[in-house]
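With compact mmCIF, C-alpha atoms inside, this is run33.txt:
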# COMPACT_ATOMS: atom_id res chain seq x y z
CA MET S 158 31.55 -10.90 42.40
CA ALA S 159 29.03 -9.92 39.85
CA ALA S 160 26.52 -12.00 41.75
CA ARG S 161 27.12 -10.03 44.96
CA VAL S 162 26.71 -6.71 43.12
CA LEU S 163 23.51 -7.93 41.68
CA GLN S 164 22.28 -9.08 45.06
CA GLN S 165 22.66 -5.54 46.29
CA CYS S 166 20.84 -4.22 43.26
CA VAL S 167 18.10 -6.76 43.88
CA ARG S 168 17.67 -5.62 47.48
CA SER S 169 17.47 -1.97 46.43
CA PHE S 170 14.88 -2.79 43.81
CA ALA S 171 12.95 -5.00 46.19
CA ARG S 172 11.05 -2.25 48.02
CA PRO S 173 9.42 -0.33 45.16
CA SER S 174 8.82 -3.44 43.13
CA LEU S 175 6.87 -5.18 45.86
CA ARG S 176 3.75 -3.58 44.54
CA LEU S 177 4.51 -4.78 41.00
CA CYS S 178 5.27 -8.38 41.84
CA SER S 179 2.92 -10.75 43.48
CA SER S 180 3.55 -11.78 47.06
CA ASN S 181 5.02 -15.05 45.82
CA LEU S 182 7.75 -13.19 43.97
CA ALA S 183 8.50 -10.87 46.89
CA LEU S 184 9.28 -13.88 49.04
CA ARG S 185 11.80 -15.01 46.45
CA VAL S 186 13.45 -11.59 46.41
CA THR S 187 14.15 -11.75 50.13
CA ALA S 188 15.31 -15.36 50.10
CA VAL S 189 18.35 -14.76 47.97
CA GLN S 190 20.19 -17.79 49.21
CA ALA S 191 17.49 -20.12 47.91
CA VAL S 192 18.56 -23.00 45.75
CA ALA S 193 17.63 -22.61 42.11
CA VAL S 194 13.94 -23.34 42.03
CA HIS S 195 13.03 -22.63 38.48
CA ARG S 196 9.69 -21.30 37.45
CA PRO S 197 9.66 -22.17 33.79
CA LEU S 198 7.11 -19.47 32.98
CA SER S 199 9.28 -16.58 34.03
CA PHE S 200 12.46 -17.87 32.47
CA ALA S 201 11.11 -18.85 29.09
CA ALA S 202 10.57 -15.28 27.93
CA ASP S 203 14.13 -14.05 28.39
CA SER S 204 16.78 -16.54 27.38
CA ARG S 205 19.67 -14.17 28.08
CA ARG S 206 18.74 -13.76 31.71
CA THR S 207 18.14 -17.49 32.02
CA ARG S 208 21.66 -18.28 30.91
CA TRP S 209 23.14 -15.76 33.32
CA LEU S 210 21.01 -17.05 36.19
CA VAL S 211 22.04 -20.64 35.63
CA GLN S 212 25.64 -19.55 36.04
CA SER S 213 25.18 -17.43 39.14
CA ARG S 214 22.45 -19.35 40.96
CA ILE S 215 20.15 -16.42 41.69
CA PRO S 216 16.76 -17.48 40.37
CA SER S 217 14.82 -14.55 41.71
CA VAL S 218 16.24 -11.79 39.51
CA GLY S 219 14.38 -12.84 36.41
CA VAL S 220 10.97 -12.35 37.98
CA LEU S 221 11.48 -8.65 38.75
CA CYS S 222 10.65 -7.50 35.27
CA ARG S 223 7.40 -7.88 33.37
CA GLN S 224 7.07 -10.87 31.07
CA TYR S 225 5.46 -10.31 27.70
CA GLY S 226 4.44 -12.97 25.24
CA ASP S 227 5.63 -12.74 21.66
CA LEU S 228 6.44 -14.87 18.64
CA PRO S 229 10.01 -16.03 18.10
CA PRO S 230 12.03 -13.43 16.17
CA LEU S 231 12.00 -13.66 12.38
CA THR S 232 15.16 -14.45 10.45
CA LEU S 233 15.67 -14.52 6.71
CA GLU S 234 15.81 -18.34 6.72
CA THR S 235 12.57 -18.75 8.63
CA ILE S 236 10.82 -16.27 6.37
CA LYS S 237 12.08 -18.11 3.31
CA GLU S 238 10.97 -21.49 4.70
CA ARG S 239 7.50 -20.22 5.50
CA VAL S 240 7.11 -18.56 2.09
CA MET S 241 8.20 -21.73 0.27
CA TYR S 242 5.95 -23.87 2.46
CA VAL S 243 2.91 -21.73 1.65
CA LEU S 244 3.77 -21.76 -2.04
CA LYS S 245 4.12 -25.54 -2.07
CA LEU S 246 0.66 -25.84 -0.54
CA TYR S 247 -0.85 -23.84 -3.40
CA ASP S 248 -2.39 -26.27 -5.82
CA LYS S 249 -1.64 -24.40 -9.03
CA ILE S 250 2.10 -24.56 -8.43
CA ASN S 251 4.16 -27.65 -9.17
CA PRO S 252 6.34 -28.14 -6.07
CA GLU S 253 9.21 -29.75 -7.98
CA LYS S 254 9.61 -26.79 -10.30
CA LEU S 255 9.51 -24.22 -7.53
CA GLN S 256 12.70 -22.31 -6.76
CA THR S 257 13.27 -19.06 -4.92
CA SER S 258 13.98 -17.31 -8.19
CA SER S 259 11.13 -18.75 -10.24
CA HIS S 260 8.98 -16.03 -11.72
CA PHE S 261 5.26 -16.58 -11.17
CA MET S 262 4.14 -15.50 -14.60
CA LYS S 263 7.06 -16.55 -16.81
CA ASP S 264 8.33 -19.73 -15.16
CA LEU S 265 5.32 -21.09 -13.34
CA GLY S 266 2.69 -19.91 -15.81
CA LEU S 267 0.38 -18.24 -13.31
CA ASP S 268 -2.16 -15.50 -13.84
CA SER S 269 -2.22 -12.03 -12.29
CA LEU S 270 -5.19 -13.12 -10.19
CA ASP S 271 -3.19 -16.17 -9.07
CA GLN S 272 -0.46 -13.81 -7.98
CA VAL S 273 -3.06 -11.84 -6.00
CA GLU S 274 -4.12 -15.06 -4.29
CA ILE S 275 -0.50 -15.89 -3.44
CA ILE S 276 0.04 -12.44 -1.91
CA MET S 277 -3.14 -12.85 0.13
CA ALA S 278 -1.87 -16.19 1.40
CA MET S 279 1.33 -14.43 2.46
CA GLU S 280 -0.70 -11.76 4.24
CA ASP S 281 -2.56 -14.48 6.15
CA GLU S 282 0.68 -16.28 6.98
CA PHE S 283 2.61 -13.30 8.29
CA GLY S 284 -0.30 -11.35 9.69
CA PHE S 285 0.09 -7.92 8.08
CA GLU S 286 -1.50 -6.15 5.11
CA ILE S 287 0.36 -5.80 1.85
CA PRO S 288 -1.06 -2.92 -0.23
CA ASP S 289 -1.82 -3.66 -3.85
CA ALA S 290 0.53 -1.03 -5.28
CA GLU S 291 3.50 -2.90 -3.84
CA ALA S 292 2.00 -6.35 -4.16
CA GLU S 293 1.79 -6.22 -7.94
CA LYS S 294 5.59 -5.92 -8.17
CA LEU S 295 6.32 -9.07 -6.14
CA MET S 296 6.80 -11.65 -8.84
CA THR S 297 9.26 -14.15 -7.36
CA PRO S 298 9.50 -15.82 -3.93
CA GLU S 299 12.85 -14.06 -3.44
CA GLU S 300 11.19 -10.65 -3.81
CA ILE S 301 8.47 -11.63 -1.37
CA VAL S 302 11.09 -12.62 1.21
CA GLN S 303 12.92 -9.32 0.69
CA TYR S 304 9.72 -7.32 1.04
CA ILE S 305 8.70 -9.06 4.25
CA ALA S 306 12.19 -8.63 5.65
CA ASP S 307 12.00 -4.92 4.83
CA LYS S 308 8.66 -4.51 6.48
CA LYS S 309 9.52 -6.51 9.57
CA ASP S 310 13.03 -5.03 10.00
CA VAL S 311 14.86 -8.33 9.68
CA TYR S 312 18.55 -7.77 9.08
CA GLU S 313 21.21 -10.29 8.32
CA MET T 114 -23.71 12.53 -25.52
CA ALA T 115 -21.25 14.12 -27.91
CA SER T 116 -18.11 12.66 -26.39
CA THR T 117 -19.45 9.09 -26.24
CA ALA T 118 -20.76 9.35 -29.80
CA ALA T 119 -17.35 10.57 -30.91
CA THR T 120 -15.64 7.65 -29.22
CA ARG T 121 -17.97 5.18 -30.77
CA THR T 122 -17.56 6.49 -34.32
CA ALA T 123 -13.79 7.03 -34.28
CA ALA T 124 -12.69 3.52 -33.42
CA GLY T 125 -9.20 3.67 -34.92
CA ALA T 126 -8.13 7.15 -33.81
CA ALA T 127 -6.86 7.54 -30.23
CA LYS T 128 -9.23 10.07 -28.78
CA VAL T 129 -8.94 11.59 -25.34
CA VAL T 130 -12.12 10.62 -23.57
CA LYS T 131 -13.46 11.38 -20.16
CA PRO T 132 -12.54 8.48 -17.89
CA ILE T 133 -14.93 6.91 -15.47
CA PHE T 134 -12.44 6.23 -12.68
CA SER T 135 -9.07 5.16 -14.02
CA ARG T 136 -7.00 6.99 -16.57
CA ASP T 137 -5.09 4.05 -18.01
CA LEU T 138 -5.15 0.30 -18.17
CA ASP T 139 -2.83 -0.20 -15.17
CA GLU T 140 -5.10 1.68 -12.82
CA ALA T 141 -8.09 -0.24 -14.11
CA LYS T 142 -6.27 -3.53 -13.49
CA ARG T 143 -5.42 -2.38 -10.00
CA ARG T 144 -9.10 -1.82 -9.34
CA VAL T 145 -9.86 -5.27 -10.66
CA ARG T 146 -7.30 -6.79 -8.31
CA GLU T 147 -8.74 -4.94 -5.32
CA LEU T 148 -12.21 -6.18 -6.22
CA TYR T 149 -10.88 -9.73 -6.54
CA ARG T 150 -9.29 -9.49 -3.13
CA ALA T 151 -12.50 -8.28 -1.57
CA TRP T 152 -14.51 -11.07 -3.16
CA TYR T 153 -11.92 -13.69 -2.23
CA ARG T 154 -12.08 -12.66 1.41
CA GLU T 155 -15.85 -12.44 1.34
CA VAL T 156 -16.62 -15.93 0.00
CA PRO T 157 -16.22 -17.87 3.30
CA ASN T 158 -18.39 -15.34 5.12
CA THR T 159 -21.01 -15.64 2.39
CA VAL T 160 -21.04 -19.42 2.57
CA ALA T 161 -21.51 -19.23 6.33
CA MET T 162 -24.07 -16.44 6.35
CA PHE T 163 -26.37 -17.76 3.65
CA GLN T 164 -25.82 -21.40 4.69
CA LEU T 165 -24.96 -22.37 1.16
CA ASP T 166 -24.41 -25.99 0.23
CA ILE T 167 -21.20 -25.28 -1.64
CA THR T 168 -17.66 -25.40 -0.32
CA THR T 169 -15.50 -22.29 -0.04
CA ARG T 170 -13.29 -23.61 -2.80
CA GLN T 171 -16.23 -23.98 -5.18
CA GLY T 172 -17.30 -20.43 -4.34
CA ARG T 173 -13.82 -19.07 -5.00
CA ASP T 174 -13.59 -20.99 -8.27
CA LYS T 175 -16.87 -19.45 -9.32
CA VAL T 176 -15.55 -15.97 -8.50
CA ARG T 177 -12.46 -16.71 -10.58
CA GLU T 178 -14.66 -17.93 -13.42
CA MET T 179 -16.69 -14.71 -13.42
CA PHE T 180 -13.50 -12.67 -13.51
CA ASP T 181 -12.00 -14.79 -16.26
CA LYS T 182 -15.04 -14.30 -18.43
CA ASN T 183 -14.01 -10.66 -18.91
CA LYS T 184 -10.29 -11.23 -19.08
CA HIS T 185 -9.99 -10.14 -22.70
CA ILE T 186 -11.26 -6.56 -22.26
CA THR T 187 -8.76 -3.74 -22.76
CA ASP T 188 -10.85 -0.56 -22.61
CA PRO T 189 -10.37 1.09 -19.17
CA ARG T 190 -13.88 2.54 -19.18
CA VAL T 191 -15.48 -0.84 -19.76
CA ILE T 192 -13.29 -2.35 -17.05
CA ASP T 193 -14.33 0.42 -14.67
CA MET T 194 -17.97 -0.18 -15.35
CA LEU T 195 -17.58 -3.90 -14.74
CA VAL T 196 -15.72 -3.17 -11.51
CA ILE T 197 -18.55 -0.90 -10.41
CA LYS T 198 -21.08 -3.63 -11.09
CA GLY T 199 -18.91 -6.13 -9.22
CA LYS T 200 -18.72 -3.77 -6.25
CA MET T 201 -22.49 -3.44 -6.23
CA GLU T 202 -22.86 -7.22 -6.17
CA LEU T 203 -20.29 -7.41 -3.38
CA GLN T 204 -22.10 -4.81 -1.32
CA GLU T 205 -25.38 -6.62 -1.71
CA THR T 206 -23.75 -9.88 -0.70
CA ILE T 207 -21.96 -8.46 2.34
CA HIS T 208 -25.01 -6.72 3.73
CA VAL T 209 -27.25 -9.75 3.09
CA TRP T 210 -29.58 -7.76 0.92
CA LYS T 211 -29.51 -10.72 -1.45
CA GLN T 212 -30.91 -14.10 -0.60
CA LYS T 213 -29.68 -17.63 -1.05
CA THR T 214 -31.40 -17.99 -4.40
CA HIS T 215 -29.69 -14.90 -5.80
CA ILE T 216 -26.27 -16.26 -4.89
CA MET T 217 -27.04 -19.70 -6.29
CA ARG T 218 -28.07 -18.12 -9.58
CA TYR T 219 -24.37 -17.77 -10.32
CA PHE T 220 -24.04 -21.52 -10.21
CA TYR T 221 -26.30 -22.63 -12.98
CA GLU T 222 -26.29 -21.62 -16.60
CA SER T 223 -29.23 -19.48 -17.51
CA GLU T 224 -28.64 -19.37 -21.22
CA GLU T 225 -27.42 -21.93 -23.71
CA PRO T 226 -24.13 -21.18 -25.39
CA ARG T 227 -24.37 -20.40 -29.08
CA PRO T 228 -23.31 -23.21 -31.39
CA THR T 229 -20.01 -22.66 -33.16
CA ASP T 230 -19.40 -25.69 -35.37
CA PHE T 231 -21.38 -26.45 -38.48
CA LEU T 232 -23.30 -29.45 -37.27
CA SER T 233 -24.69 -27.80 -34.14
CA LYS T 234 -25.75 -24.80 -36.19
CA PHE T 235 -27.36 -27.12 -38.73
CA TYR T 236 -29.38 -28.81 -36.02
CA ARG T 237 -30.52 -25.42 -34.82
CA GLY T 238 -31.60 -24.47 -38.29
CA HIS T 239 -28.84 -22.16 -39.49
CA ASP T 240 -26.90 -23.37 -42.48
CA GLN T 241 -24.10 -20.85 -42.44

Can you turn what I pasted into C-alpha cells?
Amino acid sequence: MAARVLQQCVRSFARPSLRLCSSNLALRVTAVQAVAVHRPLSFAADSRRTRWLVQSRIPSVGVLCRQYGDLPPLTLETIKERVMYVLKLYDKINPEKLQTSSHFMKDLGLDSLDQVEIIMAMEDEFGFEIPDAEAEKLMTPEEIVQYIADKKDVYE
Amino acid sequence: MASTAATRTAAGAAKVVKPIFSRDLDEAKRRVRELYRAWYREVPNTVAMFQLDITTRQGRDKVREMFDKNKHITDPRVIDMLVIKGKMELQETIHVWKQKTHIMRYFYESEEPRPTDFLSKFYRGHDQ
C-alpha cells in the first residue's frame, strides 16, 4: 500500500524533475513496473532509501534526488581509533605505554613542542584547524577526542 | 634608554617594563608555538623549492634543535625578540629571498664549542 502511494507521488514528481534528471533516469520513472535493476552509484549514497527500495521493489525512486559525496559519519569510537592510530605512529611515543588517559607531559614525557606536533598531526588527520589557544589545553588523547567531537557535533 | 637601563641595573627587583609584544610568559610561549607551527609546515615546501639534499625529517629536526637551543629563556622580552628574528627568517625562506647556501648554513657548525673540562681547556692553553 505504501508502494502504491509512493508510485503516485513519483508520477506527480516526474514532470518537473525531468529537467533535473538525465534522460536515462526519466525512462526509469515512467517504467515503474521494472524489475529491480540496481544502479549501485545512486543507491550507495542513501542507505535508508536503499533498504526501503529493496523491500518495495521500486528502484527508480532513489534517483529522483541529488546525490552528494561525503565521508562516512564520525562516531566517538572512530574518532578515538583514528586519534590512537596517529599517536602510535608518532615516533617519540612508546605504543605500549599509550592509553587514552595518558598525559603527554607527565606520563609520556613529551615536550610542549611535541604536543604542538601532535596537535598538528590531528589537524592533518581530521582536516580542520585547531587554534593554539585551545590546542595548548589538550594534554591527553581523551581530551583530544572530546574536543573533536565538540567541533564536529558528534553526539553519543 | 632610561627604562632599559633601569631594567638592566635592577636585576632582583620586579620592575614594570614596557613589553615588546607579550605581557607575560604564557603569551610569549604562545607566540613561540605559533612560530614553530609555521616553520613545521614550511619545511617540506622549503626542501622542494630550494631542491635541498636533506629529507623533511632532517629539516624538522634541525628546526627543533634551533628552538631547543633557547629553551631555557624566561624573559618575555627576550623571547619576543627571538620570535621576531625567527619570523624574519621564515619570511625570507617562504619568499625565496634566501638561497640554498643560506639554508644549508644551519646545517654545519660555524663555531667550535668552548671546552668545559680541564683537559680540553689545558690543551687550548687555559689552566683554570

Can you check which residues of chain S have any atom within 12 Å of chain T? Use all atoms listed in the file and format it as a PDB file with C-alpha atoms, in the frame of the given file.
ATOM      1  CA  ASP S 248      -2.390 -26.270  -5.820  1.00  0.00           C
ATOM      2  CA  ASP S 268      -2.160 -15.500 -13.840  1.00  0.00           C
ATOM      3  CA  SER S 269      -2.220 -12.030 -12.290  1.00  0.00           C
ATOM      4  CA  LEU S 270      -5.190 -13.120 -10.190  1.00  0.00           C
ATOM      5  CA  ASP S 271      -3.190 -16.170  -9.070  1.00  0.00           C
ATOM      6  CA  GLN S 272      -0.460 -13.810  -7.980  1.00  0.00           C
ATOM      7  CA  VAL S 273      -3.060 -11.840  -6.000  1.00  0.00           C
ATOM      8  CA  GLU S 274      -4.120 -15.060  -4.290  1.00  0.00           C
ATOM      9  CA  ILE S 275      -0.500 -15.890  -3.440  1.00  0.00           C
ATOM     10  CA  ILE S 276       0.040 -12.440  -1.910  1.00  0.00           C
ATOM     11  CA  MET S 277      -3.140 -12.850   0.130  1.00  0.00           C
ATOM     12  CA  ALA S 278      -1.870 -16.190   1.400  1.00  0.00           C
ATOM     13  CA  GLU S 280      -0.700 -11.760   4.240  1.00  0.00           C
ATOM     14  CA  ASP S 281      -2.560 -14.480   6.150  1.00  0.00           C
ATOM     15  CA  GLU S 286      -1.500  -6.150   5.110  1.00  0.00           C
ATOM     16  CA  ILE S 287       0.360  -5.800   1.850  1.00  0.00           C
ATOM     17  CA  PRO S 288      -1.060  -2.920  -0.230  1.00  0.00           C
ATOM     18  CA  ASP S 289      -1.820  -3.660  -3.850  1.00  0.00           C
ATOM     19  CA  ALA S 290       0.530  -1.030  -5.280  1.00  0.00           C
ATOM     20  CA  GLU S 291       3.500  -2.900  -3.840  1.00  0.00           C
ATOM     21  CA  ALA S 292       2.000  -6.350  -4.160  1.00  0.00           C
ATOM     22  CA  GLU S 293       1.790  -6.220  -7.940  1.00  0.00           C
ATOM     23  CA  LYS S 294       5.590  -5.920  -8.170  1.00  0.00           C
TER      24      LYS S 294
END

Would you compute the box with edges along x, y and z of the file around segment 170-184 of chain T, including every atom the file lists for it and 3 Å extra on each side, and give its centre and edge lengths in Å to one decimal, as JSON?
{"center_x": -13.8, "center_y": -17.3, "center_z": -10.9, "size_x": 13.0, "size_y": 19.3, "size_z": 22.3}

field: Nearby residues (all atoms listed in the file) at most 8 Å from segment 302-311 of chain S, same-chain spacing under 4 positions excluded, as a list in words
entry: Leu231, Thr232, Leu233, Ile236, Lys237, Val240 and Pro298 of chain S

query: Do you know which residues lie at most 9 Å from (-17.6, -18.7, 1.4), with coordinates as in the file and only C-alpha atoms counted, and could you write them as a list of chain:residue names?
result: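 Answer for this query, in the requested form: T:Tyr153, T:Arg154, T:Glu155, T:Val156, T:Pro157, T:Asn158, T:Thr159, T:Val160, T:Ala161, T:Met162, T:Leu165, T:Ile167, T:Thr168, T:Thr169, T:Arg170, T:Gln171, T:Gly172, T:Arg173.
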
As a compact mmCIF listing (two decimals), keeping the file's coordinate frame, the rebuilt segment 236-247 of chain S with all heavy atoms:
# COMPACT_ATOMS: atom_id res chain seq x y z
N ILE S 236 11.76 -16.89 7.31
CA ILE S 236 10.82 -16.27 6.37
C ILE S 236 10.81 -17.05 5.06
O ILE S 236 9.76 -17.35 4.50
CB ILE S 236 11.19 -14.80 6.11
CG1 ILE S 236 11.08 -13.96 7.36
CG2 ILE S 236 10.30 -14.21 5.04
CD1 ILE S 236 11.48 -12.52 7.16
N LYS S 237 12.00 -17.38 4.59
CA LYS S 237 12.08 -18.11 3.31
C LYS S 237 11.40 -19.46 3.42
O LYS S 237 10.65 -19.86 2.52
CB LYS S 237 13.54 -18.28 2.92
CG LYS S 237 13.72 -18.78 1.50
CD LYS S 237 15.14 -18.58 1.04
CE LYS S 237 15.98 -19.76 1.40
NZ LYS S 237 15.80 -20.89 0.50
N GLU S 238 11.60 -20.17 4.56
CA GLU S 238 10.97 -21.49 4.70
C GLU S 238 9.47 -21.37 4.69
O GLU S 238 8.77 -22.18 4.06
CB GLU S 238 11.41 -22.12 6.03
CG GLU S 238 12.70 -22.87 5.93
CD GLU S 238 13.23 -23.18 7.33
OE1 GLU S 238 12.39 -23.24 8.25
OE2 GLU S 238 14.44 -23.34 7.47
N ARG S 239 8.96 -20.34 5.42
CA ARG S 239 7.50 -20.22 5.50
C ARG S 239 6.93 -19.85 4.14
O ARG S 239 5.88 -20.38 3.74
CB ARG S 239 7.13 -19.16 6.53
CG ARG S 239 7.27 -19.66 7.94
CD ARG S 239 7.29 -18.53 8.92
NE ARG S 239 5.96 -18.03 9.19
CZ ARG S 239 5.70 -17.07 10.05
NH1 ARG S 239 6.68 -16.50 10.71
NH2 ARG S 239 4.47 -16.65 10.24
N VAL S 240 7.62 -18.96 3.41
CA VAL S 240 7.11 -18.56 2.09
C VAL S 240 7.08 -19.77 1.17
O VAL S 240 6.09 -20.02 0.47
CB VAL S 240 7.99 -17.43 1.52
CG1 VAL S 240 7.72 -17.22 0.05
CG2 VAL S 240 7.74 -16.15 2.25
N MET S 241 8.17 -20.56 1.16
CA MET S 241 8.20 -21.73 0.27
C MET S 241 7.17 -22.75 0.68
O MET S 241 6.56 -23.41 -0.16
CB MET S 241 9.59 -22.36 0.25
CG MET S 241 10.68 -21.44 -0.22
SD MET S 241 10.35 -20.72 -1.81
CE MET S 241 10.88 -21.98 -2.88
N TYR S 242 6.94 -22.90 1.99
CA TYR S 242 5.95 -23.87 2.46
C TYR S 242 4.56 -23.48 1.96
O TYR S 242 3.82 -24.32 1.44
CB TYR S 242 5.99 -23.91 3.98
CG TYR S 242 5.09 -24.94 4.58
CD1 TYR S 242 5.32 -26.29 4.39
CD2 TYR S 242 4.00 -24.57 5.36
CE1 TYR S 242 4.50 -27.23 4.95
CE2 TYR S 242 3.18 -25.51 5.92
CZ TYR S 242 3.43 -26.84 5.71
OH TYR S 242 2.61 -27.77 6.27
N VAL S 243 4.23 -22.18 2.11
CA VAL S 243 2.91 -21.73 1.65
C VAL S 243 2.78 -21.91 0.15
O VAL S 243 1.73 -22.33 -0.35
CB VAL S 243 2.69 -20.26 2.06
CG1 VAL S 243 1.47 -19.70 1.38
CG2 VAL S 243 2.54 -20.14 3.55
N LEU S 244 3.86 -21.63 -0.59
CA LEU S 244 3.77 -21.76 -2.04
C LEU S 244 3.62 -23.21 -2.45
O LEU S 244 2.92 -23.53 -3.42
CB LEU S 244 5.02 -21.17 -2.69
CG LEU S 244 5.04 -19.66 -2.70
CD1 LEU S 244 6.35 -19.17 -3.27
CD2 LEU S 244 3.91 -19.11 -3.52
N LYS S 245 4.27 -24.13 -1.71
CA LYS S 245 4.12 -25.54 -2.07
C LYS S 245 2.72 -26.03 -1.80
O LYS S 245 2.24 -26.96 -2.46
CB LYS S 245 5.12 -26.39 -1.29
CG LYS S 245 6.50 -26.24 -1.83
CD LYS S 245 7.47 -27.19 -1.18
CE LYS S 245 8.82 -26.98 -1.82
NZ LYS S 245 9.87 -26.66 -0.87
N LEU S 246 2.03 -25.42 -0.82
CA LEU S 246 0.66 -25.84 -0.54
C LEU S 246 -0.32 -25.38 -1.62
O LEU S 246 -1.41 -25.92 -1.72
CB LEU S 246 0.21 -25.28 0.80
CG LEU S 246 0.77 -25.91 2.05
CD1 LEU S 246 0.27 -25.16 3.25
CD2 LEU S 246 0.38 -27.35 2.13
N TYR S 247 0.07 -24.39 -2.41
CA TYR S 247 -0.85 -23.84 -3.40
C TYR S 247 -0.99 -24.84 -4.53
O TYR S 247 0.01 -25.33 -5.05
CB TYR S 247 -0.29 -22.51 -3.91
CG TYR S 247 -1.22 -21.71 -4.76
CD1 TYR S 247 -2.53 -21.47 -4.38
CD2 TYR S 247 -0.78 -21.16 -5.95
CE1 TYR S 247 -3.36 -20.73 -5.16
CE2 TYR S 247 -1.61 -20.41 -6.73
CZ TYR S 247 -2.91 -20.19 -6.33
OH TYR S 247 -3.74 -19.44 -7.11
